[in-house]
$ cat target21.cif   # mmCIF, C-alpha atoms
data_data
#
loop_
_atom_site.label_atom_id
_atom_site.label_comp_id
_atom_site.auth_asym_id
_atom_site.auth_seq_id
_atom_site.Cartn_x
_atom_site.Cartn_y
_atom_site.Cartn_z
CA MET A 207 119.55 60.07 14.42
CA ILE A 208 116.64 58.10 13.00
CA TRP A 209 114.73 58.41 16.29
CA ALA A 210 114.86 62.20 16.00
CA PHE A 211 113.20 61.89 12.61
CA ILE A 212 110.06 60.18 13.96
CA PRO A 213 108.33 63.32 15.33
CA ILE A 214 109.27 65.17 12.13
CA ALA A 215 107.67 62.44 10.02
CA ALA A 216 104.51 62.56 12.15
CA LEU A 217 104.32 66.34 11.86
CA VAL A 218 104.80 66.22 8.09
CA THR A 219 101.99 63.68 7.79
CA VAL A 220 99.34 65.55 9.77
CA THR A 221 100.11 68.93 8.16
CA PRO A 222 97.29 69.56 5.65
CA GLY A 223 98.33 69.75 2.02
CA ALA A 224 97.59 68.46 -1.45
CA ALA A 225 97.57 64.81 -0.34
CA THR A 226 95.01 65.55 2.38
CA ALA A 227 92.71 67.40 -0.01
CA LEU A 228 93.04 64.66 -2.63
CA VAL A 229 92.24 61.85 -0.17
CA LEU A 230 89.17 63.75 1.01
CA ARG A 231 88.07 64.34 -2.58
CA SER A 232 88.50 60.70 -3.56
CA THR A 233 86.63 59.51 -0.48
CA LEU A 234 83.76 61.92 -1.08
CA THR A 235 83.39 60.89 -4.71
CA GLY A 236 84.17 57.16 -4.48
CA GLY A 237 83.95 56.14 -0.85
CA TRP A 238 86.59 54.57 1.38
CA PRO A 239 87.96 52.20 -1.34
CA SER A 240 88.80 55.16 -3.58
CA GLY A 241 90.40 56.95 -0.65
CA ILE A 242 92.61 53.94 0.09
CA ARG A 243 93.69 53.69 -3.55
CA THR A 244 94.58 57.37 -3.56
CA ILE A 245 96.67 56.84 -0.44
CA ALA A 246 98.48 53.91 -2.09
CA GLY A 247 99.25 56.02 -5.14
CA ASN A 248 100.50 58.88 -3.00
CA GLU A 249 102.87 56.61 -1.09
CA ILE A 250 104.36 55.28 -4.31
CA GLY A 251 105.24 58.87 -5.12
CA VAL A 252 106.80 59.34 -1.67
CA VAL A 253 109.04 56.30 -2.12
CA ALA A 254 109.91 57.39 -5.67
CA TRP A 255 111.01 60.84 -4.53
CA SER A 256 113.11 59.35 -1.74
CA LEU A 257 114.93 57.15 -4.27
CA LEU A 258 115.32 60.08 -6.64
CA SER A 259 116.84 62.13 -3.83
CA VAL A 260 119.47 59.44 -3.33
CA ALA A 261 120.13 59.40 -7.07
CA GLY A 262 120.63 63.17 -7.02
CA ILE A 263 117.70 64.07 -9.23
CA SER A 264 116.04 66.03 -6.44
CA ALA A 265 119.25 68.01 -6.09
CA LEU A 266 119.19 68.74 -9.81
CA ILE A 267 115.60 69.97 -9.65
CA ALA A 268 116.35 72.11 -6.61
CA ALA A 269 119.45 73.59 -8.25
CA SER A 270 117.97 74.18 -11.69
CA GLU A 271 115.50 77.06 -11.81
CA VAL A 272 114.05 75.89 -15.13
CA ALA A 273 113.51 72.31 -13.95
CA PHE A 274 111.91 73.51 -10.73
CA VAL A 275 109.58 75.92 -12.52
CA ILE A 276 108.51 73.24 -15.01
CA LEU A 277 107.76 70.76 -12.23
CA LYS A 278 105.98 73.49 -10.27
CA LEU A 279 103.72 74.38 -13.20
CA VAL A 280 102.97 70.72 -13.89
CA GLY A 281 102.07 70.18 -10.25
CA ALA A 282 99.84 73.25 -10.23
CA ALA A 283 98.05 72.11 -13.39
CA VAL A 284 97.47 68.65 -11.88
CA LEU A 285 95.94 70.08 -8.70
CA VAL A 286 93.69 72.50 -10.57
CA GLY A 287 92.70 69.76 -13.01
CA LEU A 288 91.65 67.56 -10.08
CA GLY A 289 89.78 70.32 -8.30
CA VAL A 290 87.66 71.62 -11.19
CA PRO A 291 85.69 68.35 -11.74
CA SER A 292 84.80 68.30 -8.04
CA LEU A 293 83.37 71.79 -8.29
CA LEU A 294 81.41 70.94 -11.42
CA SER A 295 80.03 67.65 -10.09
CA ALA A 296 79.06 69.25 -6.79
CA ARG A 297 76.83 71.67 -8.67
CA ARG A 298 74.74 68.82 -10.03
CA HIS A 299 72.03 67.39 -7.85
CA ARG A 300 72.68 63.71 -7.17
CA PRO A 301 70.24 61.52 -5.27
CA ALA A 302 71.42 59.65 -2.22
CA ALA A 303 73.09 56.34 -2.95
CA ALA A 304 71.06 53.21 -2.35
CA PRO A 305 71.97 51.26 0.80
CA ASP A 306 73.00 48.25 -1.28
CA ALA A 307 75.05 50.25 -3.77
CA GLY A 308 78.08 48.30 -4.90
CA PRO A 309 81.70 49.38 -4.94
CA PRO A 310 82.90 52.13 -7.29
CA PRO A 311 83.45 51.01 -10.90
CA PRO A 312 86.94 49.88 -11.97
CA THR A 313 87.52 53.09 -13.93
CA ARG A 314 86.99 55.21 -10.84
CA ARG A 315 89.19 52.92 -8.75
CA ARG A 316 92.03 53.18 -11.28
CA ARG A 317 91.57 56.93 -11.49
CA ALA A 318 91.86 57.30 -7.71
CA PHE A 319 95.16 55.39 -7.69
CA ARG A 320 96.47 57.29 -10.71
CA ASP A 321 95.56 60.66 -9.20
CA GLY A 322 97.49 59.77 -6.04
CA VAL A 323 100.62 58.82 -7.99
CA ILE A 324 100.54 61.82 -10.33
CA THR A 325 99.85 64.36 -7.59
CA SER A 326 102.72 63.03 -5.49
CA LEU A 327 105.21 62.85 -8.34
CA ALA A 328 104.25 66.31 -9.62
CA ASN A 329 104.73 67.94 -6.22
CA PRO A 330 107.89 70.09 -6.38
CA LYS A 331 107.86 70.54 -2.62
CA LEU A 332 108.55 66.83 -2.14
CA ALA A 333 111.74 67.13 -4.19
CA VAL A 334 112.99 70.03 -2.09
CA PHE A 335 111.71 68.43 1.12
CA PHE A 336 113.61 65.17 0.68
CA LEU A 337 116.74 66.98 -0.42
CA ALA A 338 116.72 69.44 2.47
CA LEU A 339 115.48 67.23 5.30
CA PHE A 340 116.76 63.70 4.79
CA PRO A 341 120.52 64.47 4.76
CA GLN A 342 120.24 66.02 8.23
CA PHE A 343 119.31 62.64 9.68
CA VAL A 344 121.91 60.55 7.86
CA GLY A 345 124.92 60.00 10.08
CA ARG A 346 128.46 59.88 8.80
CA ARG A 347 128.61 56.11 9.28
CA ASP A 348 125.10 55.41 8.01
CA ALA A 349 124.41 53.91 4.59
CA VAL A 350 122.66 56.65 2.62
CA LEU A 351 120.29 54.39 0.67
CA SER A 352 119.11 52.23 3.56
CA THR A 353 118.73 55.20 5.92
CA THR A 354 116.81 57.20 3.35
CA LEU A 355 114.51 54.28 2.62
CA LEU A 356 113.93 53.80 6.35
CA MET A 357 112.92 57.45 6.71
CA ALA A 358 110.67 57.17 3.68
CA LEU A 359 109.12 54.03 5.20
CA LEU A 360 108.37 55.93 8.40
CA ILE A 361 106.57 58.62 6.42
CA VAL A 362 104.65 55.98 4.47
CA VAL A 363 103.54 54.23 7.67
CA PHE A 364 102.41 57.49 9.27
CA ASP A 365 100.66 58.49 6.03
CA ILE A 366 98.77 55.21 5.76
CA VAL A 367 97.59 55.32 9.37
CA TRP A 368 96.59 59.00 9.30
CA TYR A 369 95.01 59.16 5.85
CA SER A 370 93.21 55.82 6.24
CA THR A 371 91.67 57.01 9.50
CA LEU A 372 90.69 60.30 7.91
CA SER A 373 89.21 58.52 4.89
CA LEU A 374 87.25 56.13 7.09
CA ILE A 375 85.75 58.99 9.10
CA VAL A 376 84.79 60.90 5.96
CA SER A 377 83.32 57.82 4.28
CA ARG A 378 81.10 57.07 7.26
CA ALA A 379 79.94 60.67 7.39
CA LYS A 380 79.32 60.53 3.65
CA ARG A 381 76.93 57.59 4.06
CA ALA A 382 74.82 59.61 6.46
CA PHE A 383 74.72 62.73 4.30
CA ASP A 384 75.14 61.32 0.78
CA GLY A 385 73.12 63.27 -1.75
CA SER A 386 72.43 66.08 0.72
CA ARG A 387 73.40 69.70 0.44
CA LEU A 388 76.14 69.15 3.04
CA ALA A 389 77.74 66.40 0.95
CA ARG A 390 77.77 68.64 -2.11
CA TRP A 391 79.29 71.45 -0.09
CA LEU A 392 82.02 69.18 1.25
CA GLU A 393 82.88 68.05 -2.28
CA ARG A 394 82.84 71.64 -3.43
CA ILE A 395 85.17 72.64 -0.59
CA SER A 396 87.61 69.83 -1.41
CA GLY A 397 87.65 70.94 -5.05
CA THR A 398 88.20 74.56 -4.05
CA VAL A 399 91.09 73.57 -1.77
CA LEU A 400 92.77 71.63 -4.58
CA ILE A 401 92.42 74.57 -6.94
CA ALA A 402 93.74 76.98 -4.29
CA LEU A 403 96.71 74.70 -3.62
CA GLY A 404 97.41 74.54 -7.34
CA ILE A 405 97.39 78.32 -7.62
CA ARG A 406 99.61 78.62 -4.57
CA VAL A 407 102.11 76.12 -6.03
CA ALA A 408 102.15 78.08 -9.30
CA ILE A 409 102.86 81.48 -7.73
CA GLU A 410 104.87 80.42 -4.67
CA GLN A 411 108.58 81.00 -4.64
CA ARG A 412 111.03 78.45 -3.30
#
$ encode --input "target21.cif" --output "structure tokens"
Amino acid sequence: MIWAFIPIAALVTVTPGAATALVLRSTLTGGWPSGIRTIAGNEIGVVAWSLLSVAGISALIAASEVAFVILKLVGAAVLVGLGVPSLLSARRHRPAAAPDAGPPPPTRRRRAFRDGVITSLANPKLAVFFLALFPQFVGRRDAVLSTTLLMALLIVVFDIVWYSTLSLIVSRAKRAFDGSRLARWLERISGTVLIALGIRVAIEQR
């Protein structure tokens, strides 16, 4: 059964969503190191939701309308809160970074990791996703915890490979266009996408 899950995990990874927009935003604002830290934070959330699904908390959230709505509104607020600063900063003219510019400051690095964790944990779709999808690939004789963790690990591996490649491409493009109108437009687009995703999460039904 686990082999049948592999193409599903790959499809889930490459489907654009909040994680994709957040990785792009972090890379545009802080370079490849910030993108990698955002990816690490996001994967912690993925593993956490997989463990919570085993513990039954995902089932509780999916069954309780109040709990789901609360998580949905929190997730929407997080996405909008991440998107607005990108829009505001993109409006300001910033000169191109110097060739010997150092790595992003520790505060920005911590923020990138934190944003990845919070966005992943505040995503109500992950709760429903793990609850609805994972049990279909757990056989009658399979250990629930180990099989669930294996499926979560597959998603994490695919995420790391896909998002790291995406972040690397964006970071290299950013070096060529940093400080230009195109760079500001890309940051503005990433912020707009995050805000749009937040609005969609807030108004979307199950």
$ closest_residue --input "target21.cif" --among "A:Ile245, A:Thr235, A:Pro213, A:Val253" --to "Val367 of chain A" --atoms "only C-alpha atoms"
A:Ile245
$ resolve_selection --input "target21.cif" --expression "the PyMOL selection byres ((chain A and resi 247) around 7)" --output "ChimeraX atom specification"
/A:243-246,248-251,319-320,322-323
$ closest_residue --input "target21.cif" --among "A:Arg347, A:Ser377, A:Glu410, A:Ile208" --to "Leu392 of chain A" --atoms "all atoms listed in the file"
A:Ser377
$ closest_residue --input "target21.cif" --among "A:Ile212, A:Ile242, A:Ala261, A:Val275" --to "Ser370 of chain A" --atoms "only C-alpha atoms"
A:Ile242
$ residues_around --input "target21.cif" --residues "Val344 of chain A" --least-positions-apart "5" --cutoff "12 Å" --atoms "all atoms listed in the file" --output "list in words"
Met207, Ile208, Trp209, Ala210, Phe211, Val260, Phe336, Leu337, Ala338, Leu339, Ala349, Val350, Leu351, Ser352, Thr353, Thr354, Leu355, Leu356 and Met357 of chain A
$ closest_residue --input "target21.cif" --among "A:Leu279, A:Leu332, A:Val218, A:Val272" --to "Arg406 of chain A" --atoms "all atoms listed in the file"
A:Leu279
$ build_atoms --input "target21.cif" --residues "segment 215-241 of chain A" --atoms "N, CA and C atoms" --output "short mmCIF file (atom, residue, chain, number, x, y, z; two decimals), keeping the file's coordinate frame"
data_model
loop_
_atom_site.label_atom_id
_atom_site.label_comp_id
_atom_site.auth_asym_id
_atom_site.auth_seq_id
_atom_site.Cartn_x
_atom_site.Cartn_y
_atom_site.Cartn_z
N ALA A 215 108.50 63.17 10.97
CA ALA A 215 107.67 62.44 10.02
C ALA A 215 106.19 62.54 10.40
N ALA A 216 105.90 62.45 11.70
CA ALA A 216 104.51 62.56 12.15
C ALA A 216 103.96 63.95 11.86
N LEU A 217 104.77 64.97 12.10
CA LEU A 217 104.32 66.34 11.86
C LEU A 217 104.07 66.59 10.37
N VAL A 218 104.96 66.06 9.54
CA VAL A 218 104.80 66.22 8.09
C VAL A 218 103.51 65.56 7.63
N THR A 219 103.18 64.42 8.20
CA THR A 219 101.99 63.68 7.79
C THR A 219 100.71 64.42 8.12
N VAL A 220 100.59 64.94 9.33
CA VAL A 220 99.34 65.55 9.77
C VAL A 220 99.17 66.99 9.28
N THR A 221 100.23 67.57 8.71
CA THR A 221 100.11 68.93 8.16
C THR A 221 99.28 68.88 6.89
N PRO A 222 98.16 69.62 6.83
CA PRO A 222 97.29 69.56 5.65
C PRO A 222 98.02 70.04 4.39
N GLY A 223 97.72 69.38 3.29
CA GLY A 223 98.33 69.75 2.02
C GLY A 223 97.57 69.12 0.87
N ALA A 224 98.24 69.00 -0.26
CA ALA A 224 97.59 68.46 -1.45
C ALA A 224 97.14 67.03 -1.25
N ALA A 225 97.94 66.22 -0.56
CA ALA A 225 97.57 64.81 -0.34
C ALA A 225 96.30 64.72 0.51
N THR A 226 96.20 65.56 1.53
CA THR A 226 95.01 65.55 2.38
C THR A 226 93.76 65.90 1.58
N ALA A 227 93.86 66.97 0.79
CA ALA A 227 92.71 67.40 -0.01
C ALA A 227 92.32 66.33 -1.03
N LEU A 228 93.32 65.67 -1.61
CA LEU A 228 93.04 64.66 -2.63
C LEU A 228 92.38 63.42 -2.02
N VAL A 229 92.86 63.00 -0.85
CA VAL A 229 92.24 61.85 -0.17
C VAL A 229 90.79 62.16 0.19
N LEU A 230 90.54 63.35 0.68
CA LEU A 230 89.17 63.75 1.01
C LEU A 230 88.30 63.76 -0.24
N ARG A 231 88.83 64.29 -1.33
CA ARG A 231 88.07 64.34 -2.58
C ARG A 231 87.74 62.94 -3.07
N SER A 232 88.73 62.06 -3.07
CA SER A 232 88.50 60.70 -3.56
C SER A 232 87.48 59.96 -2.69
N THR A 233 87.57 60.18 -1.38
CA THR A 233 86.63 59.51 -0.48
C THR A 233 85.22 60.03 -0.68
N LEU A 234 85.08 61.33 -0.88
CA LEU A 234 83.76 61.92 -1.08
C LEU A 234 83.13 61.47 -2.38
N THR A 235 83.93 61.26 -3.40
CA THR A 235 83.39 60.89 -4.71
C THR A 235 83.28 59.37 -4.91
N GLY A 236 84.16 58.60 -4.25
CA GLY A 236 84.17 57.16 -4.48
C GLY A 236 84.13 56.30 -3.25
N GLY A 237 84.00 56.93 -2.07
CA GLY A 237 83.95 56.14 -0.85
C GLY A 237 85.33 55.75 -0.35
N TRP A 238 85.34 54.96 0.73
CA TRP A 238 86.59 54.57 1.38
C TRP A 238 87.53 53.80 0.44
N PRO A 239 87.03 52.88 -0.43
CA PRO A 239 87.96 52.20 -1.34
C PRO A 239 88.75 53.15 -2.23
N SER A 240 88.09 54.19 -2.74
CA SER A 240 88.80 55.16 -3.58
C SER A 240 89.82 55.94 -2.76
N GLY A 241 89.46 56.26 -1.51
CA GLY A 241 90.40 56.95 -0.65
C GLY A 241 91.65 56.13 -0.40
#
